[in-house]
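Trainee: Just one file: run_22.cif, with mmCIF, C-alpha atoms.
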```cif
data_work
#
loop_
_atom_site.label_atom_id
_atom_site.label_comp_id
_atom_site.auth_asym_id
_atom_site.auth_seq_id
_atom_site.Cartn_x
_atom_site.Cartn_y
_atom_site.Cartn_z
CA MET A 29 18.45 38.81 1.39
CA GLY A 30 16.68 39.46 4.66
CA LEU A 31 16.78 37.22 7.69
CA PHE A 32 16.50 33.95 5.81
CA SER A 33 19.47 32.22 4.17
CA CYS A 34 19.03 29.84 1.21
CA LYS A 35 19.28 26.96 3.69
CA ASP A 36 16.52 28.41 5.89
CA CYS A 37 14.43 28.75 2.76
CA VAL A 38 14.95 25.12 1.70
CA ASP A 39 14.31 23.88 5.24
CA VAL A 40 10.81 25.36 5.37
CA LEU A 41 9.58 24.53 1.86
CA ARG A 42 7.31 21.67 2.90
CA ALA A 43 5.79 23.69 5.74
CA TYR A 44 5.32 26.65 3.38
CA LEU A 45 3.58 24.57 0.71
CA ASP A 46 1.38 22.96 3.37
CA GLY A 47 0.41 26.42 4.69
CA GLU A 48 1.91 25.78 8.12
CA MET A 49 4.16 28.83 8.50
CA SER A 50 3.48 31.81 10.73
CA PRO A 51 2.87 35.11 8.89
CA GLU A 52 6.21 36.38 10.18
CA GLU A 53 8.20 33.38 8.89
CA GLU A 54 6.36 33.55 5.60
CA ALA A 55 7.31 37.21 5.24
CA HIS A 56 11.00 36.31 5.80
CA LEU A 57 10.75 33.56 3.20
CA LYS A 58 9.11 35.82 0.64
CA ALA A 59 11.69 38.54 1.26
CA HIS A 60 14.44 36.04 0.52
CA LEU A 61 12.72 34.69 -2.57
CA GLY A 62 12.25 38.22 -3.88
CA ASP A 63 16.00 38.62 -3.89
CA CYS A 64 17.30 35.15 -4.74
CA PRO A 65 16.40 33.68 -8.17
CA PRO A 66 18.20 30.35 -7.44
CA CYS A 67 15.89 29.78 -4.47
CA VAL A 68 12.85 30.56 -6.64
CA ASP A 69 14.09 27.93 -9.11
CA PHE A 70 14.74 25.55 -6.23
CA MET A 71 11.21 25.97 -4.92
CA GLU A 72 9.72 25.43 -8.37
CA SER A 73 11.71 22.23 -8.85
CA TYR A 74 10.77 21.05 -5.32
CA LYS A 75 7.11 21.62 -6.18
CA ALA A 76 7.48 19.76 -9.51
CA THR A 77 9.18 16.71 -7.97
CA PRO A 78 6.09 14.80 -6.68
CA GLY A 79 4.26 15.11 -10.00
CA LEU A 80 7.23 13.87 -12.03
CA CYS A 81 7.69 10.97 -9.61
CA ARG A 82 4.01 10.04 -9.79
CA LYS A 83 4.33 9.73 -13.58
CA ALA A 84 7.59 7.79 -13.38
CA LEU A 85 6.36 5.36 -10.73
CA LYS A 86 3.03 4.52 -12.31
CA ALA A 87 2.92 0.75 -12.75
CA LYS A 88 0.54 -1.42 -14.67
CA MET A 89 -0.23 -4.88 -13.39
CA PRO A 90 1.13 -7.35 -15.98
CA GLU A 91 -1.66 -9.04 -17.95
CA GLU A 92 -0.64 -12.51 -16.79
CA LEU A 93 -0.83 -11.40 -13.18
CA SER A 94 -4.16 -9.73 -13.76
CA GLN A 95 -5.54 -13.03 -15.06
CA LYS A 96 -4.10 -14.90 -12.07
CA LEU A 97 -5.68 -12.40 -9.69
CA LYS A 98 -9.04 -12.85 -11.39
CA ALA A 99 -8.76 -16.64 -11.18
CA TYR A 100 -7.72 -16.47 -7.53
CA LEU A 101 -10.65 -14.24 -6.59
CA ARG A 102 -13.12 -16.37 -8.56
CA ASP A 103 -11.88 -19.42 -6.74
CA LYS A 104 -12.13 -17.73 -3.34
CA THR A 105 -15.48 -16.08 -3.93
CA ASN A 106 -17.15 -19.08 -5.50
CA PRO A 107 -15.93 -22.18 -3.65
CA ALA A 108 -18.75 -24.32 -5.09
CA MET B 29 -4.86 0.61 11.34
CA GLY B 30 -5.56 -3.05 11.84
CA MET B 31 -5.55 -5.27 8.80
CA ASP B 32 -9.25 -5.89 8.94
CA SER B 33 -10.30 -2.60 10.45
CA VAL B 34 -13.62 -1.61 8.99
CA ALA B 35 -14.28 1.35 11.26
CA GLU B 36 -13.71 3.91 8.51
CA ILE B 37 -15.03 2.05 5.55
CA GLY B 38 -17.78 4.56 4.92
CA SER B 39 -15.48 7.57 5.14
CA GLY B 40 -14.76 8.10 1.44
CA ASP B 41 -15.67 11.35 -0.26
CA GLY B 42 -18.96 9.85 -1.26
CA THR B 43 -18.71 10.95 -4.89
CA ALA B 44 -21.65 9.39 -6.63
CA GLY B 45 -21.21 7.81 -10.05
CA ASP B 46 -21.23 4.58 -11.98
CA GLY B 47 -18.72 3.24 -9.45
CA ASP B 48 -21.37 3.41 -6.76
CA ALA B 49 -23.83 1.46 -8.92
CA LEU B 50 -21.08 -1.09 -9.51
CA LEU B 51 -20.43 -1.37 -5.79
CA GLN B 52 -24.11 -1.81 -5.10
CA ARG B 53 -24.31 -4.63 -7.65
CA ALA B 54 -21.21 -6.26 -6.14
CA GLN B 55 -22.77 -6.00 -2.69
CA GLU B 56 -25.83 -7.78 -4.05
CA GLY B 57 -23.62 -10.68 -5.08
CA ASP B 58 -22.77 -9.79 -8.69
CA ILE B 59 -19.25 -11.22 -9.08
CA ALA B 60 -18.72 -9.51 -12.46
CA ALA B 61 -19.37 -6.16 -10.77
CA PHE B 62 -16.84 -7.00 -8.05
CA GLU B 63 -14.30 -7.93 -10.74
CA ALA B 64 -14.91 -4.60 -12.46
CA LEU B 65 -14.21 -2.81 -9.17
CA VAL B 66 -10.98 -4.80 -8.80
CA GLU B 67 -9.93 -3.92 -12.34
CA ARG B 68 -10.36 -0.22 -11.59
CA GLU B 69 -8.00 -0.37 -8.63
CA GLN B 70 -5.57 -3.17 -9.43
CA ASP B 71 -2.87 -1.12 -11.17
CA LYS B 72 -2.65 1.36 -8.31
CA VAL B 73 -2.66 -1.36 -5.66
CA TYR B 74 -0.04 -3.40 -7.51
CA GLY B 75 2.08 -0.30 -8.23
CA LEU B 76 2.07 0.80 -4.60
CA ALA B 77 2.95 -2.69 -3.35
CA LEU B 78 5.69 -3.06 -5.96
CA ARG B 79 7.29 0.30 -5.12
CA MET B 80 7.13 -0.35 -1.41
CA THR B 81 8.41 -3.93 -1.36
CA ARG B 82 10.47 -3.83 -4.59
CA SER B 83 9.37 -7.41 -5.17
CA GLU B 84 7.00 -8.49 -7.95
CA ALA B 85 6.13 -11.69 -6.08
CA ASP B 86 5.27 -9.79 -2.89
CA ALA B 87 3.28 -7.22 -4.87
CA ALA B 88 1.24 -10.00 -6.53
CA GLU B 89 0.45 -11.61 -3.15
CA ILE B 90 -0.41 -8.27 -1.60
CA ALA B 91 -2.86 -7.58 -4.43
CA GLN B 92 -4.51 -10.98 -3.91
CA ASP B 93 -4.77 -10.59 -0.13
CA THR B 94 -6.01 -7.02 -0.38
CA PHE B 95 -8.80 -7.70 -2.84
CA PHE B 96 -9.91 -10.86 -1.06
CA SER B 97 -10.06 -8.90 2.17
CA ALA B 98 -12.08 -6.21 0.36
CA TYR B 99 -14.48 -8.91 -0.86
CA GLN B 100 -14.96 -10.13 2.68
CA HIS B 101 -15.86 -6.60 3.79
CA LEU B 102 -17.85 -5.70 0.70
CA LYS B 103 -21.14 -5.18 2.47
CA ASP B 104 -19.58 -2.57 4.78
CA PHE B 105 -18.52 -0.11 2.06
CA ARG B 106 -20.58 2.97 1.38
CA GLY B 107 -19.54 4.43 -1.95
CA GLN B 108 -16.88 3.43 -4.44
CA ALA B 109 -14.52 6.17 -3.20
CA ALA B 110 -14.49 4.43 0.19
CA PHE B 111 -13.72 1.12 -1.53
CA GLY B 112 -10.77 2.70 -3.42
CA SER B 113 -9.20 4.43 -0.45
CA TRP B 114 -9.68 1.38 1.75
CA VAL B 115 -7.94 -1.06 -0.62
CA HIS B 116 -5.00 1.32 -0.97
CA ARG B 117 -4.60 1.60 2.78
CA ILE B 118 -4.89 -2.17 3.23
CA ALA B 119 -2.30 -2.72 0.50
CA ALA B 120 0.04 -0.21 2.16
CA ASN B 121 -0.47 -1.93 5.49
CA ASN B 122 0.22 -5.34 3.95
CA ALA B 123 3.38 -4.06 2.30
CA LEU B 124 4.62 -2.53 5.55
CA MET B 125 4.06 -5.77 7.46
CA ARG B 126 6.05 -7.68 4.87
CA LEU B 127 8.89 -5.17 5.05
CA ARG B 128 8.97 -5.38 8.83
CA HIS B 129 9.12 -9.16 8.67
CA ARG B 130 11.73 -9.21 5.96
CA ARG B 131 14.23 -7.59 8.32
CA VAL B 132 16.17 -6.08 5.49
CA VAL B 133 19.33 -4.26 6.34
CA GLU B 134 18.01 -0.74 6.53
CA LYS B 135 19.83 1.73 4.37
CA SER B 136 21.26 4.48 6.50
CA GLU B 137 20.24 8.07 6.12
CA GLU B 138 23.49 8.59 4.25
CA ALA B 139 21.61 7.30 1.21
CA LEU B 140 19.66 10.57 1.25
CA VAL B 141 21.03 13.26 -1.01
CA GLU B 142 20.61 16.85 0.08
CA PRO B 143 21.43 20.18 -1.50
CA GLY B 144 24.81 21.67 -0.62
CA PHE B 145 25.19 25.02 1.13
CA THR B 146 28.13 27.27 1.95
CA ARG B 147 28.91 28.06 5.58
CA MET B 148 26.77 31.15 5.16
CA GLY B 149 23.84 28.97 4.15
CA ILE B 150 23.94 29.94 0.46
CA LEU B 151 23.09 27.31 -2.18
CA ARG B 152 26.38 26.00 -3.58
CA ARG B 153 24.93 25.26 -6.99
CA PRO B 154 21.93 26.93 -8.63
CA PRO B 155 19.27 24.43 -9.74
CA GLU B 156 19.26 23.28 -13.36
CA GLN B 157 16.54 24.42 -15.72
CA TRP B 158 14.12 21.50 -15.86
CA GLU B 159 12.53 20.87 -19.24
CA ARG B 160 8.80 20.60 -19.30
CA PRO B 161 7.83 17.58 -21.38
CA ALA B 162 6.07 18.62 -24.60
CA ASP B 163 3.37 16.12 -23.78
CA GLU B 164 2.61 16.45 -20.08
CA GLN B 165 1.49 12.85 -19.93
CA VAL B 166 4.68 11.41 -21.36
CA LEU B 167 7.79 11.41 -19.26
CA ASP B 168 11.24 11.03 -20.77
CA ALA B 169 12.04 7.32 -20.37
CA GLU B 170 15.54 7.98 -19.08
CA LEU B 171 14.26 10.46 -16.54
CA GLY B 172 11.68 7.90 -15.46
CA GLN B 173 14.43 5.34 -14.89
CA ALA B 174 16.52 7.87 -12.95
CA ILE B 175 13.53 8.57 -10.69
CA GLU B 176 12.88 4.83 -10.18
CA ARG B 177 16.51 4.28 -9.16
CA ALA B 178 16.49 7.27 -6.84
CA THR B 179 13.26 6.09 -5.21
CA ASP B 180 14.70 2.62 -4.70
CA ARG B 181 17.77 4.14 -3.05
CA LEU B 182 15.74 5.96 -0.40
CA PRO B 183 15.89 4.40 3.07
CA GLU B 184 12.70 2.42 3.65
CA GLY B 185 11.01 4.75 6.16
CA TYR B 186 11.50 7.65 3.76
CA ARG B 187 10.37 5.75 0.66
CA GLU B 188 7.21 4.58 2.42
CA VAL B 189 6.23 8.07 3.46
CA PHE B 190 6.97 9.56 0.05
CA LEU B 191 4.96 6.87 -1.76
CA LEU B 192 2.00 7.10 0.60
CA LYS B 193 1.84 10.91 0.61
CA ASP B 194 3.04 12.12 -2.78
CA VAL B 195 2.16 9.15 -4.98
CA GLU B 196 -0.92 7.74 -3.22
CA GLY B 197 -2.21 11.02 -1.82
CA LEU B 198 -2.89 9.81 1.74
CA SER B 199 -3.13 12.41 4.50
CA TYR B 200 -0.45 12.74 7.19
CA GLU B 201 -2.91 11.38 9.72
CA GLN B 202 -3.68 8.30 7.61
CA ILE B 203 0.04 7.62 7.17
CA ALA B 204 0.58 7.99 10.91
CA GLU B 205 -2.18 5.47 11.50
CA ILE B 206 -0.65 2.98 9.07
CA THR B 207 3.00 3.36 10.08
CA GLY B 208 2.58 4.10 13.77
CA ASP B 209 4.94 7.07 13.44
CA SER B 210 4.24 10.63 14.59
CA VAL B 211 2.96 13.19 12.10
CA ALA B 212 6.01 15.37 12.85
CA ALA B 213 8.38 12.50 11.97
CA ILE B 214 6.41 11.79 8.79
CA LYS B 215 6.58 15.42 7.66
CA SER B 216 10.31 15.56 8.28
CA ARG B 217 10.92 12.34 6.32
CA LEU B 218 8.70 13.46 3.47
CA HIS B 219 10.70 16.68 3.12
CA ARG B 220 14.04 14.87 3.08
CA ALA B 221 12.76 12.27 0.61
CA ARG B 222 11.53 15.03 -1.71
CA LEU B 223 14.87 16.84 -1.45
CA SER B 224 16.71 13.63 -2.30
CA LEU B 225 14.51 12.93 -5.32
CA ARG B 226 14.74 16.56 -6.43
CA GLU B 227 18.53 16.25 -6.35
CA ALA B 228 18.35 13.11 -8.49
CA ILE B 229 16.20 14.84 -11.10
CA ASP B 230 18.45 17.90 -11.03
CA GLN B 231 21.45 15.65 -11.51
CA PHE B 232 19.72 14.05 -14.49
CA TYR B 233 19.24 17.45 -16.14
CA SER B 234 22.80 18.54 -15.37
CA GLU B 235 24.11 15.51 -17.27
CA LYS B 236 21.78 15.92 -20.23
#
```
Could you take the file, read its structure, and then write that structure out as structure tokens?
Mentor:
Amino acid sequence: MGLFSCKDCVDVLRAYLDGEMSPEEEAHLKAHLGDCPPCVDFMESYKATPGLCRKALKAKMPEELSQKLKAYLRDKTNPA
Amino acid sequence: MGMDSVAEIGSGDGTAGDGDALLQRAQEGDIAAFEALVEREQDKVYGLALRMTRSEADAAEIAQDTFFSAYQHLKDFRGQAAFGSWVHRIAANNALMRLRHRRVVEKSEEALVEPGFTRMGILRRPPEQWERPADEQVLDAELGQAIERATDRLPEGYREVFLLKDVEGLSYEQIAEITGDSVAAIKSRLHRARLSLREAIDQFYSEK
């Protein structure tokens, strides 16, 4: 599996996805990935995590609160 | 970034559109146009504040303070994109100040979950096969709840960075400006937060 272990691979995922690795390190990573399907799956799931979280954490302001916000801003922006 | 810093107000991507016309009308004193701008951003501002503070009351106050502050600086914005990115940064700043004042007992880093490796550095357990939702827009409700719980369990400094980078899309430099932390520390925390959340999702699929 080359010079990189699975742990080395996991440790550099963020840097790899941000394009911050040296060509040499990137070659080690790719050599490992070419030989280790679990690490390929791991990388895919790591890449998918932010998107799934964005969907799960989307919040809508409750209607009652939205009305209160509007009333507050009207009051503040139109003191007369 | 200071609460009322306006130095970068014109630094949005400058995308022209109906939002810009709306902003121009708001700047000319049209309150309805200002309210329309608020409506466009309020869910994201409220959502960010809620996830960061985990308090609906705090999130509501942060939304009020943020949009009033935006109103006070209205004339300084150039482009609706600048308005949007500014209110999100102000909301994040507001939320951070509240967290710092709240003096909550910080969760230790033990709350972070990381993948297991053998002594040789080999993954102990291969990742689960994650299902792709049939409708990309709709997330399994149970998975959504598992992600919410896992996000809430993250230690504060890690949750903040994850929310600001991966949910809000701020740059590392913007986050450093808001939190006062180094970019290197932010990158390290982001990685560990992602690993922890990835483990939670993997756990969800292993129990399905």
Trainee: Within 9 Å of chain B, which residues of chain A show up? Give each one with its shortest atom-to-atom distance in Å (one decimal) and the two atoms involved, counting all atoms listed in the file, rows by chain then rising residue number, as JSON lines.
Mentor:
```
{"residue": "A:Ser33", "atom": "CA", "partner": "B:Gly149", "partner_atom": "CA", "distance": 5.4}
{"residue": "A:Cys34", "atom": "CA", "partner": "B:Ile150", "partner_atom": "CA", "distance": 5.0}
{"residue": "A:Lys35", "atom": "CA", "partner": "B:Gly149", "partner_atom": "CA", "distance": 5.0}
{"residue": "A:Asp36", "atom": "CA", "partner": "B:Gly149", "partner_atom": "CA", "distance": 7.5}
{"residue": "A:Val38", "atom": "CA", "partner": "B:Pro143", "partner_atom": "CA", "distance": 8.8}
{"residue": "A:Asp39", "atom": "CA", "partner": "B:His219", "partner_atom": "CA", "distance": 8.3}
{"residue": "A:Val40", "atom": "CA", "partner": "B:His219", "partner_atom": "CA", "distance": 9.0}
{"residue": "A:Leu41", "atom": "CA", "partner": "B:His219", "partner_atom": "CA", "distance": 8.0}
{"residue": "A:Arg42", "atom": "CA", "partner": "B:His219", "partner_atom": "CA", "distance": 6.0}
{"residue": "A:Ala43", "atom": "CA", "partner": "B:Lys215", "partner_atom": "CA", "distance": 8.5}
{"residue": "A:Pro65", "atom": "CA", "partner": "B:Pro154", "partner_atom": "CA", "distance": 8.7}
{"residue": "A:Pro66", "atom": "CA", "partner": "B:Pro154", "partner_atom": "CA", "distance": 5.2}
{"residue": "A:Cys67", "atom": "CA", "partner": "B:Pro154", "partner_atom": "CA", "distance": 7.9}
{"residue": "A:Asp69", "atom": "CA", "partner": "B:Pro155", "partner_atom": "CA", "distance": 6.3}
{"residue": "A:Phe70", "atom": "CA", "partner": "B:Pro155", "partner_atom": "CA", "distance": 5.8}
{"residue": "A:Ser73", "atom": "CA", "partner": "B:Arg226", "partner_atom": "CA", "distance": 6.9}
{"residue": "A:Tyr74", "atom": "CA", "partner": "B:Arg226", "partner_atom": "CA", "distance": 6.1}
{"residue": "A:Ala76", "atom": "CA", "partner": "B:Arg226", "partner_atom": "CA", "distance": 8.5}
{"residue": "A:Thr77", "atom": "CA", "partner": "B:Arg226", "partner_atom": "CA", "distance": 5.8}
{"residue": "A:Pro78", "atom": "CA", "partner": "B:Asp194", "partner_atom": "CA", "distance": 5.6}
{"residue": "A:Gly79", "atom": "CA", "partner": "B:Asp194", "partner_atom": "CA", "distance": 7.9}
{"residue": "A:Leu80", "atom": "CA", "partner": "B:Leu167", "partner_atom": "CA", "distance": 7.7}
{"residue": "A:Cys81", "atom": "CA", "partner": "B:Ile175", "partner_atom": "CA", "distance": 6.4}
{"residue": "A:Arg82", "atom": "CA", "partner": "B:Val195", "partner_atom": "CA", "distance": 5.2}
{"residue": "A:Lys83", "atom": "CA", "partner": "B:Leu167", "partner_atom": "CA", "distance": 6.9}
{"residue": "A:Ala84", "atom": "CA", "partner": "B:Gly172", "partner_atom": "CA", "distance": 4.6}
{"residue": "A:Leu85", "atom": "CA", "partner": "B:Glu176", "partner_atom": "CA", "distance": 6.6}
{"residue": "A:Lys86", "atom": "CA", "partner": "B:Gly75", "partner_atom": "CA", "distance": 6.4}
{"residue": "A:Ala87", "atom": "CA", "partner": "B:Gly75", "partner_atom": "CA", "distance": 4.7}
{"residue": "A:Lys88", "atom": "CA", "partner": "B:Asp71", "partner_atom": "CA", "distance": 4.9}
{"residue": "A:Met89", "atom": "CA", "partner": "B:Asp71", "partner_atom": "CA", "distance": 5.1}
{"residue": "A:Pro90", "atom": "CA", "partner": "B:Asp71", "partner_atom": "CA", "distance": 8.8}
{"residue": "A:Leu93", "atom": "CA", "partner": "B:Ala88", "partner_atom": "CA", "distance": 7.1}
{"residue": "A:Ser94", "atom": "CA", "partner": "B:Gln70", "partner_atom": "CA", "distance": 8.0}
{"residue": "A:Leu97", "atom": "CA", "partner": "B:Gln92", "partner_atom": "CA", "distance": 6.1}
{"residue": "A:Lys98", "atom": "CA", "partner": "B:Glu63", "partner_atom": "CA", "distance": 7.2}
{"residue": "A:Tyr100", "atom": "CA", "partner": "B:Gln92", "partner_atom": "CA", "distance": 7.3}
{"residue": "A:Leu101", "atom": "CA", "partner": "B:Phe96", "partner_atom": "CA", "distance": 6.5}
{"residue": "A:Arg102", "atom": "CA", "partner": "B:Ile59", "partner_atom": "CA", "distance": 8.0}
{"residue": "A:Lys104", "atom": "CA", "partner": "B:Phe96", "partner_atom": "CA", "distance": 7.6}
{"residue": "A:Thr105", "atom": "CA", "partner": "B:Tyr99", "partner_atom": "CA", "distance": 7.9}
{"residue": "A:Asn106", "atom": "CA", "partner": "B:Ile59", "partner_atom": "CA", "distance": 8.9}
```
Trainee: Report, in Å to a single decimal, how far apart CA of Ile206 (chain B) and CA of Arg128 (chain B) are.
Mentor: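 About the pair CA of Arg128 (chain B) and CA of Ile206 (chain B): they are 12.7 Å apart.
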Trainee: Considering all atoms listed in the file, state which residue in the set A:Glu48, A:Asp103, A:Cys37, A:Lys96 is at the smallest distance from Cys64 (chain A).
Mentor: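 Selected residue with least distance to Cys64 (chain A): A:Cys37.
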Trainee: Quote the spacing between CA of Ser199 (chain B) and CA of Gln52 (chain B) in Å to one decimal place.
Mentor: 27.1 Å
Trainee: Counting all atoms listed in the file, what is within 9 Å of Lys103 (chain B), bar same-chain residues fewer than 6 positions away, as a VMD selection string?
Mentor: chain B and resid 52 54 to 56
Trainee: Using all atoms listed in the file, which of the listed residues (B:Ala49, B:Ser83, B:Ala77, B:Asp104) sits closest to Leu65 (chain B)?
Mentor: B:Ala49
Trainee: Within 7 Å of His56 (chain A), counting all atoms listed in the file, which residues show up once you throw out same-chain ones fewer than 3 positions away? Write them as a list in words, please.
Mentor: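 Near His56 (chain A), the qualifying residues are Gly30, Leu31, Phe32, Glu52, Glu53, Ala59 and His60 of chain A.
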Trainee: Name the residues that the PyMOL selection byres ((chain B and resi 118) around 10) pulls out of this structure, and write them as number ranges by chain.
Mentor: B: 29-33, 73, 90-91, 93-95, 97-98, 113-117, 119-124, 206
Trainee: Hey, can you check how far CA of Ile214 (chain B) sits from CA of Arg68 (chain B)?
Mentor: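 Pair CA of Ile214 (chain B) / CA of Arg68 (chain B) returns 29.0 Å.
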Trainee: Using all atoms listed in the file, find the one residue out of A:Lys75, A:Gln95, A:Lys58, A:Asp63 that sits nearest to Leu45 (chain A).
Mentor: A:Lys75
